[in-house]
>>> print(open('run24.tsv').read())   # TSV, C-alpha atoms
chain	number	residue	atom	x	y	z
D	162	MET	CA	-117.34	213.33	123.35
D	163	ASN	CA	-116.48	210.60	120.86
D	164	PRO	CA	-118.47	210.05	117.64
D	165	VAL	CA	-121.32	207.55	117.93
D	166	PHE	CA	-122.17	205.28	114.99
D	167	ASN	CA	-124.70	202.62	114.07
D	168	GLN	CA	-123.05	199.23	113.67
D	169	PRO	CA	-124.67	196.41	111.66
D	170	ILE	CA	-125.27	193.13	113.51
D	171	ASN	CA	-123.94	190.05	111.75
D	172	ILE	CA	-127.07	187.89	111.95
D	173	GLN	CA	-129.12	186.83	108.94
D	174	PHE	CA	-132.88	186.64	109.54
D	175	SER	CA	-135.21	184.78	107.17
D	176	ASN	CA	-137.82	187.57	107.14
D	177	ASP	CA	-135.41	190.23	105.83
D	178	ILE	CA	-135.17	192.09	109.13
D	179	SER	CA	-132.15	194.35	109.52
D	180	LEU	CA	-130.58	194.99	112.89
D	181	MET	CA	-128.15	197.74	113.91
D	182	ILE	CA	-126.80	198.88	117.26
D	183	LYS	CA	-126.06	202.49	118.15
D	184	ARG	CA	-122.68	202.47	119.90
D	185	GLU	CA	-123.47	204.94	122.66
D	186	ASP	CA	-121.05	202.94	124.80
D	187	LEU	CA	-118.21	204.61	122.88
D	188	ILE	CA	-119.30	208.18	123.65
D	189	HIS	CA	-116.88	208.48	126.60
D	190	HIS	CA	-114.56	205.91	128.14
D	191	PHE	CA	-115.80	206.39	131.72
D	192	VAL	CA	-119.10	208.29	131.35
D	193	SER	CA	-120.57	206.20	128.55
D	194	GLY	CA	-123.93	205.81	126.94
D	195	ASN	CA	-127.02	207.13	128.65
D	196	LYS	CA	-125.02	208.32	131.68
D	197	PHE	CA	-123.26	210.89	129.50
D	198	ARG	CA	-126.61	211.97	128.05
D	199	LYS	CA	-128.30	212.21	131.45
D	200	LEU	CA	-125.51	214.17	133.09
D	201	LYS	CA	-124.90	216.65	130.26
D	202	TYR	CA	-127.59	219.20	131.13
D	203	ASN	CA	-127.55	218.43	134.85
D	204	LEU	CA	-123.90	219.44	135.09
D	205	LEU	CA	-124.59	222.61	133.14
D	206	GLN	CA	-127.43	223.40	135.53
D	207	ALA	CA	-125.25	222.71	138.58
D	208	LYS	CA	-122.70	225.21	137.24
D	209	ALA	CA	-125.44	227.74	136.50
D	210	GLU	CA	-126.55	227.46	140.13
D	211	ASN	CA	-122.93	227.90	141.29
D	212	LYS	CA	-122.95	224.55	143.06
D	213	ASP	CA	-119.58	222.93	143.71
D	214	THR	CA	-120.86	219.55	144.97
D	215	LEU	CA	-122.95	216.80	143.37
D	216	LEU	CA	-124.84	214.35	145.59
D	217	THR	CA	-126.51	211.24	144.25
D	218	PHE	CA	-127.67	207.72	145.14
D	219	GLY	CA	-126.84	204.22	143.95
D	220	GLY	CA	-126.10	200.59	144.69
D	221	ALA	CA	-122.86	198.66	144.97
D	222	PHE	CA	-122.31	198.18	141.22
D	223	SER	CA	-124.10	201.30	139.98
D	224	ASN	CA	-123.04	202.62	136.57
D	225	HIS	CA	-124.51	205.93	137.67
D	226	ILE	CA	-122.28	206.18	140.76
D	227	ALA	CA	-119.16	205.52	138.68
D	228	ALA	CA	-120.22	208.02	136.02
D	229	VAL	CA	-121.04	210.83	138.48
D	230	ALA	CA	-117.72	210.33	140.25
D	231	TYR	CA	-115.70	210.62	137.05
D	232	ALA	CA	-117.79	213.37	135.45
D	233	GLY	CA	-117.66	215.34	138.69
D	234	LYS	CA	-113.88	215.09	138.84
D	235	GLU	CA	-113.59	216.02	135.15
D	236	GLN	CA	-115.86	219.06	135.56
D	237	GLY	CA	-114.44	220.26	138.89
D	238	PHE	CA	-117.21	219.15	141.28
D	239	LYS	CA	-116.91	217.41	144.61
D	240	THR	CA	-119.09	214.29	144.63
D	241	ILE	CA	-120.99	212.45	147.35
D	242	GLY	CA	-122.55	209.04	146.87
D	243	ILE	CA	-125.29	207.73	149.18
D	244	ILE	CA	-124.76	203.99	148.80
D	245	ARG	CA	-127.47	201.39	149.42
D	246	GLY	CA	-126.26	198.79	151.93
D	247	ASP	CA	-124.41	199.68	155.14
D	248	GLU	CA	-122.73	196.27	155.06
D	249	LEU	CA	-120.50	197.68	152.27
D	250	LEU	CA	-118.82	200.14	154.62
D	251	ASP	CA	-115.53	198.24	154.85
D	252	LYS	CA	-115.73	196.49	151.45
D	253	THR	CA	-114.88	199.37	149.10
D	254	GLU	CA	-111.57	197.86	148.04
D	255	GLU	CA	-113.31	194.59	147.08
D	256	ASN	CA	-115.84	196.34	144.85
D	257	PRO	CA	-114.53	197.58	141.46
D	258	THR	CA	-117.29	200.18	141.04
D	259	LEU	CA	-116.95	201.73	144.48
D	260	LYS	CA	-113.17	201.60	144.30
D	261	PHE	CA	-113.24	203.44	140.96
D	262	ALA	CA	-115.64	206.08	142.30
D	263	GLN	CA	-113.53	206.62	145.42
D	264	GLU	CA	-110.33	206.89	143.38
D	265	ASN	CA	-112.06	209.65	141.42
D	266	GLY	CA	-112.83	211.61	144.56
D	267	MET	CA	-116.31	210.49	145.55
D	268	GLN	CA	-117.13	210.60	149.26
D	269	PHE	CA	-119.44	207.78	150.42
D	270	GLU	CA	-122.25	207.59	152.92
D	271	PHE	CA	-123.35	203.99	153.39
D	272	VAL	CA	-126.96	203.61	154.54
D	273	SER	CA	-129.28	200.74	155.35
D	274	ARG	CA	-131.76	199.62	152.71
D	275	GLU	CA	-134.52	200.92	154.96
D	276	ASN	CA	-133.04	204.43	155.07
D	277	TYR	CA	-132.19	204.30	151.38
D	278	ARG	CA	-135.89	204.05	150.57
D	279	LEU	CA	-136.29	207.55	152.02
D	280	LYS	CA	-134.13	209.07	149.28
D	281	ASN	CA	-137.02	211.01	147.74
D	282	GLU	CA	-138.38	212.36	151.04
D	283	GLU	CA	-137.94	216.10	151.54
D	284	SER	CA	-137.03	215.67	155.22
D	285	TYR	CA	-134.32	213.15	154.32
D	286	ILE	CA	-132.79	215.53	151.76
D	287	LYS	CA	-132.85	218.34	154.35
D	288	ASN	CA	-130.90	216.17	156.80
D	289	LEU	CA	-128.34	215.42	154.09
D	290	LYS	CA	-127.90	219.17	153.50
D	291	LYS	CA	-127.36	219.69	157.22
D	292	LYS	CA	-124.63	217.06	157.13
D	293	PHE	CA	-122.93	217.86	153.81
D	294	GLY	CA	-123.85	221.48	153.14
D	295	ASP	CA	-125.39	222.78	149.94
D	296	PHE	CA	-125.26	220.43	146.92
D	297	TYR	CA	-126.81	219.80	143.51
D	298	LEU	CA	-129.00	216.72	143.78
D	299	VAL	CA	-128.79	214.18	140.97
D	300	PRO	CA	-131.51	211.52	141.40
D	301	GLU	CA	-130.80	207.80	141.56
D	302	GLY	CA	-130.08	206.64	138.01
D	303	GLY	CA	-129.85	210.30	136.96
D	304	THR	CA	-133.42	210.56	135.69
D	305	ASN	CA	-135.08	213.96	135.77
D	306	GLU	CA	-136.31	216.46	133.17
D	307	LEU	CA	-132.78	217.55	132.28
D	308	ALA	CA	-131.70	213.91	131.87
D	309	VAL	CA	-134.60	213.26	129.52
D	310	LYS	CA	-133.62	216.36	127.54
D	311	GLY	CA	-130.15	214.86	127.10
D	312	CYS	CA	-131.55	211.49	126.03
D	313	GLU	CA	-133.70	213.19	123.41
D	314	GLU	CA	-130.43	213.82	121.55
D	315	ILE	CA	-129.65	210.10	121.11
D	316	LEU	CA	-131.69	209.78	117.91
D	317	ILE	CA	-130.46	211.85	114.97
D	318	ASP	CA	-131.69	212.49	111.42
D	319	GLU	CA	-130.05	209.40	109.94
D	320	ASP	CA	-132.04	207.21	112.34
D	321	SER	CA	-135.30	208.09	110.60
D	322	VAL	CA	-135.00	204.90	108.49
D	323	PHE	CA	-135.72	202.64	111.48
D	324	ASN	CA	-139.22	201.33	112.24
D	325	TYR	CA	-138.32	200.19	115.76
D	326	VAL	CA	-135.93	201.60	118.36
D	327	CYS	CA	-135.17	199.32	121.33
D	328	CYS	CA	-133.47	200.06	124.63
D	329	ALA	CA	-133.03	198.67	128.11
D	330	VAL	CA	-135.01	200.39	130.87
D	331	GLY	CA	-133.82	201.14	134.40
D	332	THR	CA	-135.36	204.32	135.80
D	333	GLY	CA	-137.16	205.31	132.59
D	334	GLY	CA	-135.17	208.41	131.61
D	335	THR	CA	-133.53	207.06	128.48
D	336	ILE	CA	-136.67	205.58	126.96
D	337	SER	CA	-138.57	208.79	127.75
D	338	GLY	CA	-136.05	210.80	125.73
D	339	LEU	CA	-136.30	208.34	122.84
D	340	ILE	CA	-140.10	208.46	122.94
D	341	ASN	CA	-140.11	212.25	122.79
D	342	SER	CA	-137.68	212.48	119.88
D	343	ALA	CA	-138.98	209.57	117.80
D	344	LEU	CA	-140.74	210.17	114.49
D	345	PRO	CA	-144.45	209.31	114.02
D	346	ASN	CA	-143.59	206.14	112.08
D	347	GLN	CA	-141.28	204.79	114.81
D	348	LYS	CA	-142.17	202.51	117.72
D	349	ILE	CA	-140.01	202.57	120.86
D	350	LEU	CA	-139.68	199.27	122.72
D	351	GLY	CA	-138.29	199.16	126.24
D	352	PHE	CA	-136.88	196.09	127.98
D	353	PRO	CA	-137.00	196.57	131.78
D	354	ALA	CA	-134.08	195.28	133.82
D	355	LEU	CA	-136.32	195.14	136.90
D	356	LYS	CA	-139.45	193.17	137.74
D	357	GLY	CA	-142.69	195.07	138.32
D	358	ASP	CA	-145.11	197.32	136.44
D	359	PHE	CA	-144.26	200.60	138.16
D	360	LEU	CA	-142.10	201.78	135.23
D	361	ASN	CA	-145.13	202.60	133.08
D	362	ASP	CA	-146.10	205.35	135.52
D	363	GLU	CA	-142.52	206.63	135.79
D	364	ILE	CA	-142.19	206.91	132.02
D	365	ARG	CA	-145.51	208.73	131.67
D	366	ILE	CA	-144.15	211.51	133.89
D	367	PHE	CA	-141.68	212.48	131.14
D	368	ALA	CA	-142.93	210.89	127.90
D	369	GLN	CA	-145.07	213.08	125.66
D	370	LYS	CA	-146.29	210.42	123.20
D	371	ASP	CA	-147.90	206.97	123.15
D	372	ASN	CA	-145.53	205.44	120.59
D	373	TRP	CA	-143.99	202.98	123.05
D	374	ASN	CA	-144.37	199.65	124.77
D	375	LEU	CA	-142.55	197.79	127.54
D	376	ILE	CA	-141.62	194.13	127.07
D	377	SER	CA	-141.13	192.61	130.50
D	378	ASP	CA	-140.17	189.03	129.60
D	379	TYR	CA	-136.40	189.39	129.55
D	380	HIS	CA	-135.25	190.57	132.99
D	381	PHE	CA	-133.86	187.07	133.76
D	382	GLY	CA	-135.30	187.07	137.27
D	383	GLY	CA	-134.81	190.73	138.15
D	384	TYR	CA	-132.21	193.45	138.51
D	385	GLY	CA	-128.66	192.12	138.51
D	386	LYS	CA	-129.78	188.52	137.92
D	387	ILE	CA	-127.97	186.50	135.28
D	388	ASN	CA	-127.82	182.84	134.22
D	389	LEU	CA	-125.73	180.58	132.01
D	390	GLU	CA	-127.91	181.21	128.94
D	391	LEU	CA	-127.35	184.97	129.13
D	392	ILE	CA	-123.60	184.59	129.79
D	393	GLU	CA	-123.21	182.36	126.73
D	394	PHE	CA	-125.29	184.73	124.61
D	395	ILE	CA	-123.21	187.80	125.56
D	396	ASN	CA	-119.93	185.95	124.95
D	397	ALA	CA	-121.11	184.62	121.57
D	398	PHE	CA	-122.44	188.04	120.54
D	399	PHE	CA	-119.07	189.60	121.30
D	400	GLU	CA	-117.26	186.86	119.41
D	401	GLU	CA	-119.43	187.37	116.32
D	402	ASN	CA	-119.90	191.15	116.33
D	403	LYS	CA	-117.06	192.56	118.48
D	404	VAL	CA	-119.67	194.48	120.51
D	405	PRO	CA	-119.38	194.05	124.30
D	406	LEU	CA	-122.73	193.94	126.10
D	407	ASP	CA	-123.29	194.54	129.79
D	408	PRO	CA	-125.22	191.80	131.65
D	409	ILE	CA	-127.54	194.13	133.61
D	410	TYR	CA	-129.14	196.18	130.85
D	411	THR	CA	-128.13	196.05	127.18
D	412	GLY	CA	-127.28	192.34	127.14
D	413	LYS	CA	-130.80	191.42	128.23
D	414	MET	CA	-132.36	193.85	125.75
D	415	VAL	CA	-130.37	192.49	122.79
D	416	PHE	CA	-131.19	188.92	123.84
D	417	GLY	CA	-134.87	189.86	123.97
D	418	VAL	CA	-134.95	191.56	120.57
D	419	ILE	CA	-133.26	188.64	118.80
D	420	ASP	CA	-135.58	186.17	120.54
D	421	LEU	CA	-138.62	188.20	119.43
D	422	ILE	CA	-137.34	188.30	115.85
D	423	HIS	CA	-137.15	184.50	115.84
D	424	LYS	CA	-140.70	184.42	117.27
D	425	ASN	CA	-141.93	186.66	114.40
D	426	TYR	CA	-142.86	189.54	116.70
D	427	PHE	CA	-141.64	192.07	114.13
D	428	PRO	CA	-143.15	192.39	110.64
D	429	ALA	CA	-141.01	191.27	107.69
D	430	HIS	CA	-138.55	193.88	106.37
D	431	SER	CA	-138.47	195.75	109.70
D	432	LYS	CA	-135.47	197.95	110.35
D	433	ILE	CA	-134.55	197.79	114.05
D	434	LEU	CA	-132.13	200.01	115.95
D	435	LEU	CA	-130.74	198.83	119.29
D	436	ILE	CA	-129.46	201.48	121.70
D	437	HIS	CA	-126.29	200.46	123.56
D	438	THR	CA	-126.56	202.38	126.83
D	439	GLY	CA	-123.04	201.59	128.07
D	440	GLY	CA	-122.72	200.18	131.57
D	441	LEU	CA	-119.65	198.11	130.80
D	442	GLN	CA	-117.84	199.23	133.96
D	443	GLY	CA	-120.02	196.72	135.83
D	444	VAL	CA	-118.62	193.69	133.99
D	445	GLU	CA	-115.60	193.35	136.30
D	446	GLY	CA	-117.83	193.24	139.38
D	447	MET	CA	-120.20	190.78	137.75
D	448	ASN	CA	-117.31	188.47	136.87
D	449	ILE	CA	-116.29	188.43	140.55
D	450	LYS	CA	-119.80	187.27	141.44
D	451	LEU	CA	-119.84	184.70	138.63
D	452	LYS	CA	-116.56	183.19	139.83
D	453	GLN	CA	-118.00	182.93	143.34
D	454	LYS	CA	-120.99	181.05	141.91
D	455	LYS	CA	-118.65	178.86	139.83
D	456	LEU	CA	-120.24	180.08	136.60
D	457	PRO	CA	-118.36	180.99	133.39
D	458	ILE	CA	-117.23	184.61	133.23
D	459	LEU	CA	-118.04	187.24	130.61
D	460	LYS	CA	-115.19	187.15	128.09
D	461	ILE	CA	-115.51	190.58	126.51
D	462	ASP	CA	-113.05	193.42	126.05
D	463	VAL	CA	-114.30	196.60	127.71
>>> encode(input="run24.tsv", output="structure tokens")
Amino acid sequence: MNPVFNQPINIQFSNDISLMIKREDLIHHFVSGNKFRKLKYNLLQAKAENKDTLLTFGGAFSNHIAAVAYAGKEQGFKTIGIIRGDELLDKTEENPTLKFAQENGMQFEFVSRENYRLKNEESYIKNLKKKFGDFYLVPEGGTNELAVKGCEEILIDEDSVFNYVCCAVGTGGTISGLINSALPNQKILGFPALKGDFLNDEIRIFAQKDNWNLISDYHFGGYGKINLELIEFINAFFEENKVPLDPIYTGKMVFGVIDLIHKNYFPAHSKILLIHTGGLQGVEGMNIKLKQKKLPILKIDV
């Protein structure tokens, strides 16, 4: 585990707001950010249960799939990935995420989107155990009670100076950990990468406080969607701050926070901490898609 630090953002705001980003992306080269946090206690539990195989779920460019594959290899587990989209069966070599996971030992099972929706059904899990034998189940995105426990360790004593802590939201595990560990004077703001209001209910399963709010105006059309404005923002942010942002999660969150500052959402003199949740392995795949759409690519070092 590499040391994490809070890096100042080189933007001057007229209302004396200070902005820093917690470089969780540097925690591990391949299992970075919230994926490291979410897997920490799950891997310990898998070992405690004497399991030798991890099984999980994810899409074609899933940070979670890549992280489980590498962490599994590093910790001596076999790994199985149930991948959404049976059309990907013969396209592994064309997909940087799946190629990386396979090179690190992950076995794939490609399923239709219809079957993928059954991933939480007990009967579906039983059938997977018949096919693959006993395994330790890691949920899609990694979110469960043990993942939230890991994410509660993101905030440390020195972060008590911040009034606001902001993060991107996928499955709700990371923000739940931040909510639970935040101090009474801190507000946690989540920026969903997906459309829809279902995340409030997911977060309430794990969150123990009411010190949070979701801001749903910066998903740029939904999960995995990106446009020229966001590309230019991420490239300019890297140029000015030397902080690479991923286009699925953290890039949208940082864009949203800066936009809200300019719209006077935050009181003057606020101290804001942004949580960089990693996810940079997906940049290569996104650039392939951007080239296909004849859009500029993300010019960031990852």
>>> closest_residue(input="run24.tsv", among="D:Leu451, D:Leu289, D:Val415, D:Val463", to="Leu180 of chain D", atoms="only C-alpha atoms")
D:Val415
>>> closest_residue(input="run24.tsv", among="D:Ala207, D:Val165, D:Gly351, D:Ile422", to="Asp295 of chain D", atoms="all atoms listed in the file")
D:Ala207
>>> closest_residue(input="run24.tsv", among="D:Val326, D:Val299, D:Ala232, D:Leu250", to="Phe197 of chain D", atoms="all atoms listed in the file")
D:Ala232
>>> residues_around(input="run24.tsv", residues="Tyr325 of chain D", least_positions_apart="3", cutoff="6 Å", atoms="only C-alpha atoms", output="PyMOL selection string")
chain D and resi 347-349+433
>>> closest_residue(input="run24.tsv", among="D:Ala221, D:Ile178, D:Ile243, D:Ala227", to="His190 of chain D", atoms="all atoms listed in the file")
D:Ala227
>>> closest_residue(input="run24.tsv", among="D:Lys455, D:Lys234, D:His423, D:Lys450", to="Asn256 of chain D", atoms="all atoms listed in the file")
D:Lys450
>>> axis_aligned_box(input="run24.tsv", around="segment 292-309 of chain D", padding_each_side="6 Å", output="JSON")
{"center_x": -129.6, "center_y": 214.7, "center_z": 143.3, "size_x": 25.4, "size_y": 28.1, "size_z": 39.6}
>>> atom_distance(input="run24.tsv", atom1="atom CA of Phe269 of chain D", atom2="atom CA of Gln442 of chain D")
18.6 Å
>>> closest_residue(input="run24.tsv", among="D:Phe261, D:Phe352, D:Phe271, D:Tyr297", to="Gly246 of chain D", atoms="all atoms listed in the file")
D:Phe271
>>> atom_distance(input="run24.tsv", atom1="atom CA of Asp177 of chain D", atom2="atom CA of Ser431 of chain D")
7.4 Å
>>> atom_distance(input="run24.tsv", atom1="atom CA of Thr332 of chain D", atom2="atom CA of Arg278 of chain D")
14.8 Å
>>> residues_around(input="run24.tsv", residues="Lys183 of chain D", least_positions_apart="2", cutoff="12 Å", atoms="all atoms listed in the file", output="ChimeraX atom specification")
/D:164-170,180-181,185-188,194-195,315-317,319-320,323,326-328,404,411,415,433-439
>>> residues_around(input="run24.tsv", residues="Pro300 of chain D", least_positions_apart="2", cutoff="9 Å", atoms="all atoms listed in the file", output="list in words")
Leu216, Thr217, Phe218, Lys280, Asn281, Leu298, Gly302, Gly303, Thr304 and Asn305 of chain D
>>> residues_near_point(input="run24.tsv", point="(-119.9, 214.6, 141.5)", cutoff="9 Å", atoms="only C-alpha atoms", output="JSON, numbers by chain")
{"D": [204, 213, 214, 215, 216, 217, 226, 228, 229, 230, 231, 232, 233, 234, 236, 237, 238, 239, 240, 241, 242, 266, 267, 297, 299]}
>>> residues_near_point(input="run24.tsv", point="(-137.7, 206.5, 124.0)", cutoff="9 Å", atoms="only C-alpha atoms", output="ChimeraX atom specification")
/D:312-313,326-328,333-343,348-351,368,372-373
